[in-house]
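Source file run33.csv; content: CSV, C-alpha atoms.
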```csv
chain,number,residue,atom,x,y,z
A,1,MET,CA,0.0,0.0,0.0
A,2,LYS,CA,1.4,3.4,-1.0
A,3,LYS,CA,2.1,5.9,1.7
A,4,ARG,CA,0.4,9.3,1.5
A,5,LYS,CA,2.8,12.1,0.9
A,6,ILE,CA,3.3,15.1,3.2
A,7,ALA,CA,5.4,18.2,2.3
A,8,ILE,CA,7.2,20.0,5.2
A,9,ASP,CA,8.8,23.4,5.3
A,10,VAL,CA,12.3,23.8,6.9
A,11,ASP,CA,12.6,27.1,8.6
A,12,ASP,CA,10.5,27.6,11.8
A,13,VAL,CA,8.7,24.3,11.1
A,14,LEU,CA,11.5,21.7,11.1
A,15,LEU,CA,14.4,23.9,12.2
A,16,ASP,CA,14.2,26.8,14.7
A,17,PHE,CA,15.5,29.4,12.3
A,18,SER,CA,14.1,32.8,13.6
A,19,PRO,CA,15.7,32.9,17.1
A,20,SER,CA,19.2,32.4,15.6
A,21,LEU,CA,18.6,34.9,12.8
A,22,TRP,CA,17.4,37.5,15.3
A,23,ASN,CA,20.5,36.9,17.6
A,24,TYR,CA,22.7,37.4,14.5
A,25,TYR,CA,20.9,40.5,13.4
A,26,ASN,CA,21.1,42.0,16.9
A,27,GLN,CA,24.8,41.3,17.2
A,28,ILE,CA,25.6,42.9,13.8
A,29,TYR,CA,23.3,45.9,14.0
A,30,GLY,CA,23.2,46.6,17.8
A,31,THR,CA,19.4,46.1,18.1
A,32,SER,CA,17.4,44.1,20.6
A,33,LEU,CA,14.7,42.7,18.3
A,34,GLY,CA,13.3,39.2,18.6
A,35,PRO,CA,10.8,36.9,16.8
A,36,ASP,CA,7.9,38.6,18.6
A,37,ASP,CA,8.8,41.8,16.9
A,38,CYS,CA,8.5,40.2,13.5
A,39,ILE,CA,4.9,40.7,12.6
A,40,TYR,CA,5.7,40.5,8.8
A,41,TYR,CA,7.1,37.6,7.0
A,42,ASP,CA,9.0,40.0,4.6
A,43,LEU,CA,11.9,41.1,6.8
A,44,GLU,CA,12.4,44.4,5.0
A,45,LYS,CA,9.1,45.5,6.5
A,46,VAL,CA,10.6,44.8,10.0
A,47,TRP,CA,14.2,45.9,9.4
A,48,GLY,CA,13.6,48.7,7.0
A,49,GLY,CA,15.4,49.0,3.7
A,50,THR,CA,14.8,47.0,0.5
A,51,LYS,CA,13.9,43.4,-0.1
A,52,GLU,CA,17.3,43.0,-1.8
A,53,ARG,CA,19.1,44.3,1.4
A,54,ALA,CA,17.1,41.9,3.6
A,55,ILE,CA,18.1,39.0,1.3
A,56,GLU,CA,21.7,40.1,1.5
A,57,ILE,CA,21.5,40.1,5.4
A,58,VAL,CA,20.0,36.6,5.5
A,59,SER,CA,22.6,35.4,2.9
A,60,ASP,CA,25.4,36.7,5.2
A,61,PHE,CA,23.7,34.9,8.1
A,62,TYR,CA,23.9,31.6,6.0
A,63,LYS,CA,27.7,31.9,6.1
A,64,THR,CA,27.9,31.9,9.9
A,65,GLU,CA,28.5,29.1,12.4
A,66,GLN,CA,25.3,30.3,14.2
A,67,PHE,CA,23.3,29.2,11.1
A,68,ARG,CA,25.0,25.8,11.0
A,69,ARG,CA,24.1,25.2,14.7
A,70,ILE,CA,20.3,25.8,14.3
A,71,ARG,CA,18.4,23.1,16.2
A,72,PRO,CA,15.1,21.4,15.4
A,73,THR,CA,11.9,23.1,16.6
A,74,GLU,CA,10.4,21.6,19.8
A,75,GLY,CA,8.7,18.3,19.0
A,76,ALA,CA,9.8,18.1,15.4
A,77,GLN,CA,12.2,15.1,15.7
A,78,GLN,CA,9.7,12.9,17.5
A,79,ALA,CA,6.8,14.0,15.2
A,80,VAL,CA,8.8,13.3,12.1
A,81,LYS,CA,9.8,9.9,13.4
A,82,VAL,CA,6.1,9.0,14.0
A,83,LEU,CA,4.9,10.5,10.7
A,84,SER,CA,7.7,8.8,8.6
A,85,ALA,CA,6.6,5.4,9.8
A,86,ARG,CA,3.2,5.8,8.0
A,87,LYS,CA,3.6,8.6,5.5
A,88,GLU,CA,6.1,9.6,2.8
A,89,LEU,CA,7.7,12.8,3.9
A,90,ARG,CA,9.2,15.4,1.6
A,91,VAL,CA,10.9,18.7,2.4
A,92,VAL,CA,9.9,21.9,0.5
A,93,THR,CA,11.9,25.0,1.3
A,94,SER,CA,12.3,28.5,0.0
A,95,ARG,CA,16.0,28.4,0.9
A,96,PRO,CA,18.3,29.2,-1.9
A,97,SER,CA,20.2,26.4,-3.7
A,98,PHE,CA,23.6,27.6,-2.6
A,99,ILE,CA,22.9,26.3,0.9
A,100,GLU,CA,21.6,23.0,-0.3
A,101,ASP,CA,24.5,20.9,1.0
A,102,ILE,CA,24.3,22.6,4.5
A,103,THR,CA,20.6,22.1,4.6
A,104,ARG,CA,20.7,18.4,3.6
A,105,GLU,CA,23.4,17.8,6.1
A,106,ALA,CA,21.3,19.4,8.9
A,107,LEU,CA,18.3,17.4,8.0
A,108,ARG,CA,20.2,14.2,8.0
A,109,GLU,CA,21.8,15.1,11.3
A,110,HIS,CA,18.6,15.8,13.1
A,111,PHE,CA,16.1,13.6,11.2
A,112,GLY,CA,18.1,10.8,9.7
A,113,GLU,CA,16.7,9.4,6.4
A,114,ALA,CA,13.1,10.4,7.2
A,115,PHE,CA,12.7,12.5,4.0
A,116,THR,CA,12.5,11.0,0.5
A,117,ASP,CA,13.2,14.3,-1.3
A,118,VAL,CA,14.2,17.9,-0.6
A,119,PHE,CA,13.0,20.6,-2.9
A,120,PHE,CA,14.6,24.0,-3.0
A,121,ASN,CA,12.6,26.6,-4.9
A,122,GLY,CA,15.0,29.5,-4.0
A,123,GLN,CA,12.0,32.0,-3.6
A,124,TYR,CA,14.0,34.2,-1.2
A,125,GLY,CA,17.3,34.0,-2.9
A,126,THR,CA,18.7,35.5,-6.1
A,127,HIS,CA,17.8,32.5,-8.2
A,128,SER,CA,14.3,30.9,-8.2
A,129,SER,CA,13.6,27.4,-9.5
A,130,GLY,CA,10.5,28.7,-11.3
A,131,LEU,CA,8.3,26.1,-9.5
A,132,ASP,CA,6.6,27.2,-6.3
A,133,LYS,CA,5.7,24.9,-3.4
A,134,SER,CA,2.1,24.5,-4.5
A,135,GLY,CA,3.3,23.5,-8.0
A,136,TYR,CA,5.8,21.0,-6.6
A,137,CYS,CA,3.1,19.5,-4.4
A,138,LEU,CA,0.6,19.1,-7.3
A,139,LYS,CA,3.3,17.7,-9.6
A,140,ASN,CA,4.2,15.1,-7.1
A,141,GLY,CA,0.8,14.1,-5.8
A,142,ILE,CA,1.2,15.7,-2.4
A,143,PHE,CA,-2.0,16.9,-0.8
A,144,VAL,CA,-0.8,17.9,2.7
A,145,ILE,CA,1.7,20.7,3.5
A,146,LEU,CA,3.1,22.0,6.9
A,147,GLU,CA,4.1,25.6,6.5
A,148,ASP,CA,4.6,28.9,8.4
A,149,ASN,CA,4.3,31.4,5.5
A,150,VAL,CA,0.6,32.3,5.3
A,151,ASP,CA,0.7,33.3,1.6
A,152,ILE,CA,2.2,29.9,0.6
A,153,ALA,CA,-0.1,28.0,2.8
A,154,GLU,CA,-3.1,29.9,1.5
A,155,LYS,CA,-2.1,29.3,-2.1
A,156,CYS,CA,-1.7,25.6,-1.5
A,157,ALA,CA,-5.1,25.4,0.2
A,158,ARG,CA,-6.8,27.2,-2.7
A,159,LYS,CA,-5.3,24.5,-5.0
A,160,GLY,CA,-6.8,21.7,-3.0
A,161,ILE,CA,-3.7,20.9,-0.8
A,162,ARG,CA,-4.6,20.5,2.9
A,163,ALA,CA,-2.4,23.1,4.7
A,164,PHE,CA,-1.4,23.3,8.3
A,165,LEU,CA,-0.1,26.8,9.2
A,166,PHE,CA,2.3,26.8,12.2
A,167,ASP,CA,1.1,29.7,14.3
A,168,LYS,CA,3.6,32.6,14.3
A,169,LYS,CA,3.4,36.4,14.9
A,170,TRP,CA,4.2,37.0,11.2
A,171,ASN,CA,1.3,34.8,9.7
A,172,GLN,CA,-1.7,36.3,11.4
A,173,ARG,CA,-4.7,36.8,9.1
A,174,ASP,CA,-8.4,37.1,9.9
A,175,ARG,CA,-9.8,34.8,7.3
A,176,LEU,CA,-8.2,31.6,6.0
A,177,PRO,CA,-9.5,29.2,3.4
A,178,LEU,CA,-11.4,26.1,4.6
A,179,ASN,CA,-8.6,23.8,3.6
A,180,LEU,CA,-6.1,25.7,5.8
A,181,LYS,CA,-5.8,25.0,9.6
A,182,ARG,CA,-3.8,27.0,12.0
A,183,VAL,CA,-1.9,24.8,14.5
A,184,GLY,CA,-0.1,25.6,17.7
A,185,ILE,CA,-2.3,28.2,19.3
A,186,GLY,CA,-1.4,27.7,23.0
A,187,GLN,CA,0.2,24.4,22.4
A,188,ASN,CA,3.0,22.7,20.4
A,189,PRO,CA,2.0,22.7,16.7
A,190,TRP,CA,3.5,19.3,16.2
A,191,GLU,CA,1.2,17.7,18.8
A,192,GLU,CA,-1.8,19.0,16.9
A,193,VAL,CA,-0.4,17.9,13.5
A,194,LEU,CA,0.1,14.4,14.9
A,195,ARG,CA,-3.5,14.3,16.1
A,196,GLN,CA,-4.9,15.6,12.8
A,197,LEU,CA,-2.8,13.2,10.6
A,198,LYS,CA,-3.4,9.9,12.4
```
Take the structure I supplied and represent it as C-alpha coordinates, if you would.
Amino acid sequence: MKKRKIAIDVDDVLLDFSPSLWNYYNQIYGTSLGPDDCIYYDLEKVWGGTKERAIEIVSDFYKTEQFRRIRPTEGAQQAVKVLSARKELRVVTSRPSFIEDITREALREHFGEAFTDVFFNGQYGTHSSGLDKSGYCLKNGIFVILEDNVDIAEKCARKGIRAFLFDKKWNQRDRLPLNLKRVGIGQNPWEEVLRQLK
(Lines of atoms letter the chains of each structure in order from A and count residues from 1; the text may use other names and numbers.)
(Lines give C-alpha, C1' and ligand atoms only; values in the text may rest on other atoms or scores of the structure.)
Protein backbone atom coordinates (compact mmCIF):
# COMPACT_ATOMS: atom_id res chain seq x y z
CA MET A 1 0.00 0.00 0.00
CA LYS A 2 1.40 3.40 -1.04
CA LYS A 3 2.05 5.89 1.74
CA ARG A 4 0.36 9.27 1.50
CA LYS A 5 2.81 12.12 0.92
CA ILE A 6 3.33 15.13 3.17
CA ALA A 7 5.41 18.22 2.33
CA ILE A 8 7.16 19.96 5.23
CA ASP A 9 8.82 23.38 5.28
CA VAL A 10 12.26 23.78 6.89
CA ASP A 11 12.59 27.15 8.63
CA ASP A 12 10.46 27.59 11.75
CA VAL A 13 8.69 24.29 11.06
CA LEU A 14 11.47 21.68 11.15
CA LEU A 15 14.37 23.91 12.23
CA ASP A 16 14.20 26.79 14.72
CA PHE A 17 15.49 29.42 12.30
CA SER A 18 14.12 32.76 13.56
CA PRO A 19 15.68 32.94 17.05
CA SER A 20 19.16 32.36 15.58
CA LEU A 21 18.59 34.89 12.81
CA TRP A 22 17.45 37.52 15.30
CA ASN A 23 20.46 36.88 17.56
CA TYR A 24 22.72 37.37 14.55
CA TYR A 25 20.92 40.53 13.43
CA ASN A 26 21.10 42.05 16.92
CA GLN A 27 24.82 41.32 17.22
CA ILE A 28 25.61 42.90 13.84
CA TYR A 29 23.29 45.92 14.02
CA GLY A 30 23.18 46.60 17.78
CA THR A 31 19.43 46.09 18.07
CA SER A 32 17.38 44.12 20.58
CA LEU A 33 14.70 42.69 18.29
CA GLY A 34 13.25 39.21 18.57
CA PRO A 35 10.80 36.90 16.80
CA ASP A 36 7.89 38.57 18.62
CA ASP A 37 8.81 41.84 16.90
CA CYS A 38 8.49 40.17 13.51
CA ILE A 39 4.86 40.73 12.56
CA TYR A 40 5.65 40.52 8.83
CA TYR A 41 7.11 37.56 6.96
CA ASP A 42 8.97 39.96 4.63
CA LEU A 43 11.91 41.07 6.77
CA GLU A 44 12.44 44.37 4.97
CA LYS A 45 9.14 45.50 6.53
CA VAL A 46 10.63 44.85 9.98
CA TRP A 47 14.23 45.92 9.45
CA GLY A 48 13.59 48.73 6.98
CA GLY A 49 15.38 49.04 3.65
CA THR A 50 14.82 47.04 0.50
CA LYS A 51 13.93 43.41 -0.14
CA GLU A 52 17.35 43.00 -1.79
CA ARG A 53 19.07 44.27 1.36
CA ALA A 54 17.06 41.88 3.55
CA ILE A 55 18.05 38.97 1.29
CA GLU A 56 21.69 40.09 1.55
CA ILE A 57 21.54 40.12 5.37
CA VAL A 58 20.03 36.64 5.48
CA SER A 59 22.60 35.44 2.92
CA ASP A 60 25.37 36.72 5.20
CA PHE A 61 23.75 34.85 8.11
CA TYR A 62 23.86 31.64 6.05
CA LYS A 63 27.67 31.87 6.10
CA THR A 64 27.92 31.87 9.90
CA GLU A 65 28.51 29.11 12.42
CA GLN A 66 25.34 30.30 14.15
CA PHE A 67 23.34 29.22 11.11
CA ARG A 68 25.02 25.82 11.04
CA ARG A 69 24.07 25.22 14.68
CA ILE A 70 20.32 25.76 14.30
CA ARG A 71 18.42 23.09 16.23
CA PRO A 72 15.09 21.41 15.44
CA THR A 73 11.89 23.06 16.61
CA GLU A 74 10.40 21.60 19.77
CA GLY A 75 8.67 18.31 19.04
CA ALA A 76 9.82 18.12 15.41
CA GLN A 77 12.16 15.14 15.72
CA GLN A 78 9.66 12.91 17.51
CA ALA A 79 6.80 13.95 15.24
CA VAL A 80 8.83 13.29 12.08
CA LYS A 81 9.77 9.87 13.43
CA VAL A 82 6.10 9.03 14.02
CA LEU A 83 4.91 10.46 10.69
CA SER A 84 7.65 8.83 8.60
CA ALA A 85 6.57 5.38 9.82
CA ARG A 86 3.22 5.79 8.04
CA LYS A 87 3.62 8.64 5.51
CA GLU A 88 6.10 9.59 2.80
CA LEU A 89 7.73 12.84 3.93
CA ARG A 90 9.23 15.40 1.58
CA VAL A 91 10.89 18.69 2.42
CA VAL A 92 9.90 21.85 0.53
CA THR A 93 11.90 24.99 1.26
CA SER A 94 12.28 28.52 -0.03
CA ARG A 95 15.96 28.40 0.93
CA PRO A 96 18.33 29.21 -1.94
CA SER A 97 20.17 26.38 -3.66
CA PHE A 98 23.62 27.64 -2.60
CA ILE A 99 22.95 26.31 0.92
CA GLU A 100 21.56 23.01 -0.33
CA ASP A 101 24.47 20.93 1.01
CA ILE A 102 24.34 22.56 4.47
CA THR A 103 20.56 22.11 4.59
CA ARG A 104 20.68 18.44 3.58
CA GLU A 105 23.42 17.83 6.14
CA ALA A 106 21.35 19.45 8.92
CA LEU A 107 18.25 17.44 7.96
CA ARG A 108 20.24 14.17 8.00
CA GLU A 109 21.85 15.06 11.32
CA HIS A 110 18.58 15.82 13.07
CA PHE A 111 16.08 13.60 11.20
CA GLY A 112 18.14 10.78 9.71
CA GLU A 113 16.74 9.43 6.44
CA ALA A 114 13.13 10.43 7.17
CA PHE A 115 12.69 12.45 3.96
CA THR A 116 12.50 10.99 0.46
CA ASP A 117 13.18 14.31 -1.30
CA VAL A 118 14.25 17.89 -0.56
CA PHE A 119 12.97 20.57 -2.95
CA PHE A 120 14.61 24.01 -3.03
CA ASN A 121 12.62 26.64 -4.89
CA GLY A 122 14.95 29.54 -4.03
CA GLN A 123 12.05 31.95 -3.60
CA TYR A 124 13.97 34.19 -1.19
CA GLY A 125 17.34 33.99 -2.90
CA THR A 126 18.66 35.51 -6.07
CA HIS A 127 17.76 32.49 -8.24
CA SER A 128 14.32 30.87 -8.24
CA SER A 129 13.64 27.37 -9.51
CA GLY A 130 10.53 28.68 -11.26
CA LEU A 131 8.33 26.11 -9.49
CA ASP A 132 6.62 27.21 -6.29
CA LYS A 133 5.68 24.92 -3.40
CA SER A 134 2.08 24.46 -4.55
CA GLY A 135 3.30 23.51 -8.02
CA TYR A 136 5.79 21.02 -6.59
CA CYS A 137 3.09 19.46 -4.42
CA LEU A 138 0.61 19.10 -7.27
CA LYS A 139 3.27 17.74 -9.63
CA ASN A 140 4.24 15.08 -7.06
CA GLY A 141 0.82 14.05 -5.77
CA ILE A 142 1.22 15.73 -2.37
CA PHE A 143 -2.01 16.92 -0.78
CA VAL A 144 -0.80 17.92 2.71
CA ILE A 145 1.72 20.66 3.54
CA LEU A 146 3.12 21.96 6.85
CA GLU A 147 4.13 25.63 6.48
CA ASP A 148 4.65 28.90 8.39
CA ASN A 149 4.26 31.36 5.49
CA VAL A 150 0.58 32.26 5.31
CA ASP A 151 0.72 33.28 1.64
CA ILE A 152 2.24 29.94 0.61
CA ALA A 153 -0.14 27.98 2.85
CA GLU A 154 -3.14 29.86 1.48
CA LYS A 155 -2.06 29.35 -2.14
CA CYS A 156 -1.67 25.62 -1.49
CA ALA A 157 -5.05 25.43 0.24
CA ARG A 158 -6.78 27.18 -2.67
CA LYS A 159 -5.33 24.55 -5.00
CA GLY A 160 -6.79 21.67 -2.97
CA ILE A 161 -3.73 20.93 -0.81
CA ARG A 162 -4.58 20.54 2.88
CA ALA A 163 -2.38 23.12 4.65
CA PHE A 164 -1.36 23.26 8.30
CA LEU A 165 -0.13 26.75 9.22
CA PHE A 166 2.27 26.81 12.19
CA ASP A 167 1.07 29.73 14.32
CA LYS A 168 3.57 32.64 14.28
CA LYS A 169 3.39 36.39 14.86
CA TRP A 170 4.16 36.96 11.17
CA ASN A 171 1.34 34.83 9.75
CA GLN A 172 -1.75 36.25 11.41
CA ARG A 173 -4.71 36.77 9.11
CA ASP A 174 -8.42 37.14 9.92
CA ARG A 175 -9.80 34.79 7.29
CA LEU A 176 -8.24 31.60 6.04
CA PRO A 177 -9.50 29.18 3.38
CA LEU A 178 -11.41 26.13 4.60
CA ASN A 179 -8.58 23.82 3.57
CA LEU A 180 -6.09 25.68 5.81
CA LYS A 181 -5.82 24.97 9.56
CA ARG A 182 -3.76 27.05 11.98
CA VAL A 183 -1.90 24.81 14.46
CA GLY A 184 -0.05 25.60 17.66
CA ILE A 185 -2.25 28.22 19.30
CA GLY A 186 -1.42 27.74 22.97
CA GLN A 187 0.21 24.37 22.37
CA ASN A 188 3.00 22.74 20.39
CA PRO A 189 1.99 22.70 16.71
CA TRP A 190 3.55 19.27 16.18
CA GLU A 191 1.24 17.69 18.78
CA GLU A 192 -1.76 19.05 16.91
CA VAL A 193 -0.38 17.92 13.54
CA LEU A 194 0.06 14.37 14.86
CA ARG A 195 -3.54 14.33 16.11
CA GLN A 196 -4.85 15.61 12.77
CA LEU A 197 -2.79 13.24 10.62
CA LYS A 198 -3.44 9.95 12.40
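Excluding A:Tyr41 itself and any same-chain residue fewer than 5 positions from it, the protein and nucleic acid residues within 10 Å of it, counting only C-alpha atoms, are Val46, Asp148, Asn149, Val150, Asp151, Lys168, Lys169, Trp170, Asn171 and Gln172 of chain A.
Take the candidates A:Asn179, A:Asn140, A:Asp174, A:Phe67 and check each one against A:Lys159 using only C-alpha atoms; the shortest distance goes to A:Asn179.
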List every residue of stretch 43-159 of chain A that has an atom at most 9 Å from any atom of stretch 14-19 of chain A, giving for each one its closest atom pair and the distance in Å to one decimal, counting all atoms listed in the file, sorted by chain and then by ascending residue number, as CSV.
```
residue,atom,partner,partner_atom,distance
A:Phe67,CA,A:Phe17,CA,7.9
A:Ile70,CA,A:Asp16,CA,6.2
A:Arg71,CA,A:Leu15,CA,5.7
A:Pro72,CA,A:Leu15,CA,4.1
A:Thr73,CA,A:Asp16,CA,4.8
A:Glu74,CA,A:Asp16,CA,8.2
A:Ala76,CA,A:Leu14,CA,5.9
A:Gln77,CA,A:Leu14,CA,8.1
A:Val80,CA,A:Leu14,CA,8.9
A:Ala106,CA,A:Leu15,CA,8.9
A:Leu107,CA,A:Leu14,CA,8.6
```
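Across the model, the gap from atom CA of A:Glu191 to atom CA of A:Asp37 is 25.3 Å.
Reported to one decimal place, the separation of atom CA of A:Asp167 from atom CA of A:Leu138 is 24.1 Å.
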Atom CA of A:Asp42 sits from atom CA of A:Ile6 at a separation of 25.6 Å
So that I can see what lies close to A:Leu197, please list as a ChimeraX atom specification the residues with an atom at most 10 Å from it, counting only C-alpha atoms and leaving out residues fewer than 4 positions away in the same chain.
/A:6,83,86-87,144,192-193
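Checking A:Ala114, A:Leu165, A:Phe120, A:Ala85 one by one against A:Phe98, counting all atoms listed in the file, you find the shortest gap at A:Phe120.
Shortest separation to A:Ala163 among A:Ile185, A:Val82, A:Glu109, A:Ser134 occurs at residue A:Ser134, atoms counted being all atoms listed in the file.
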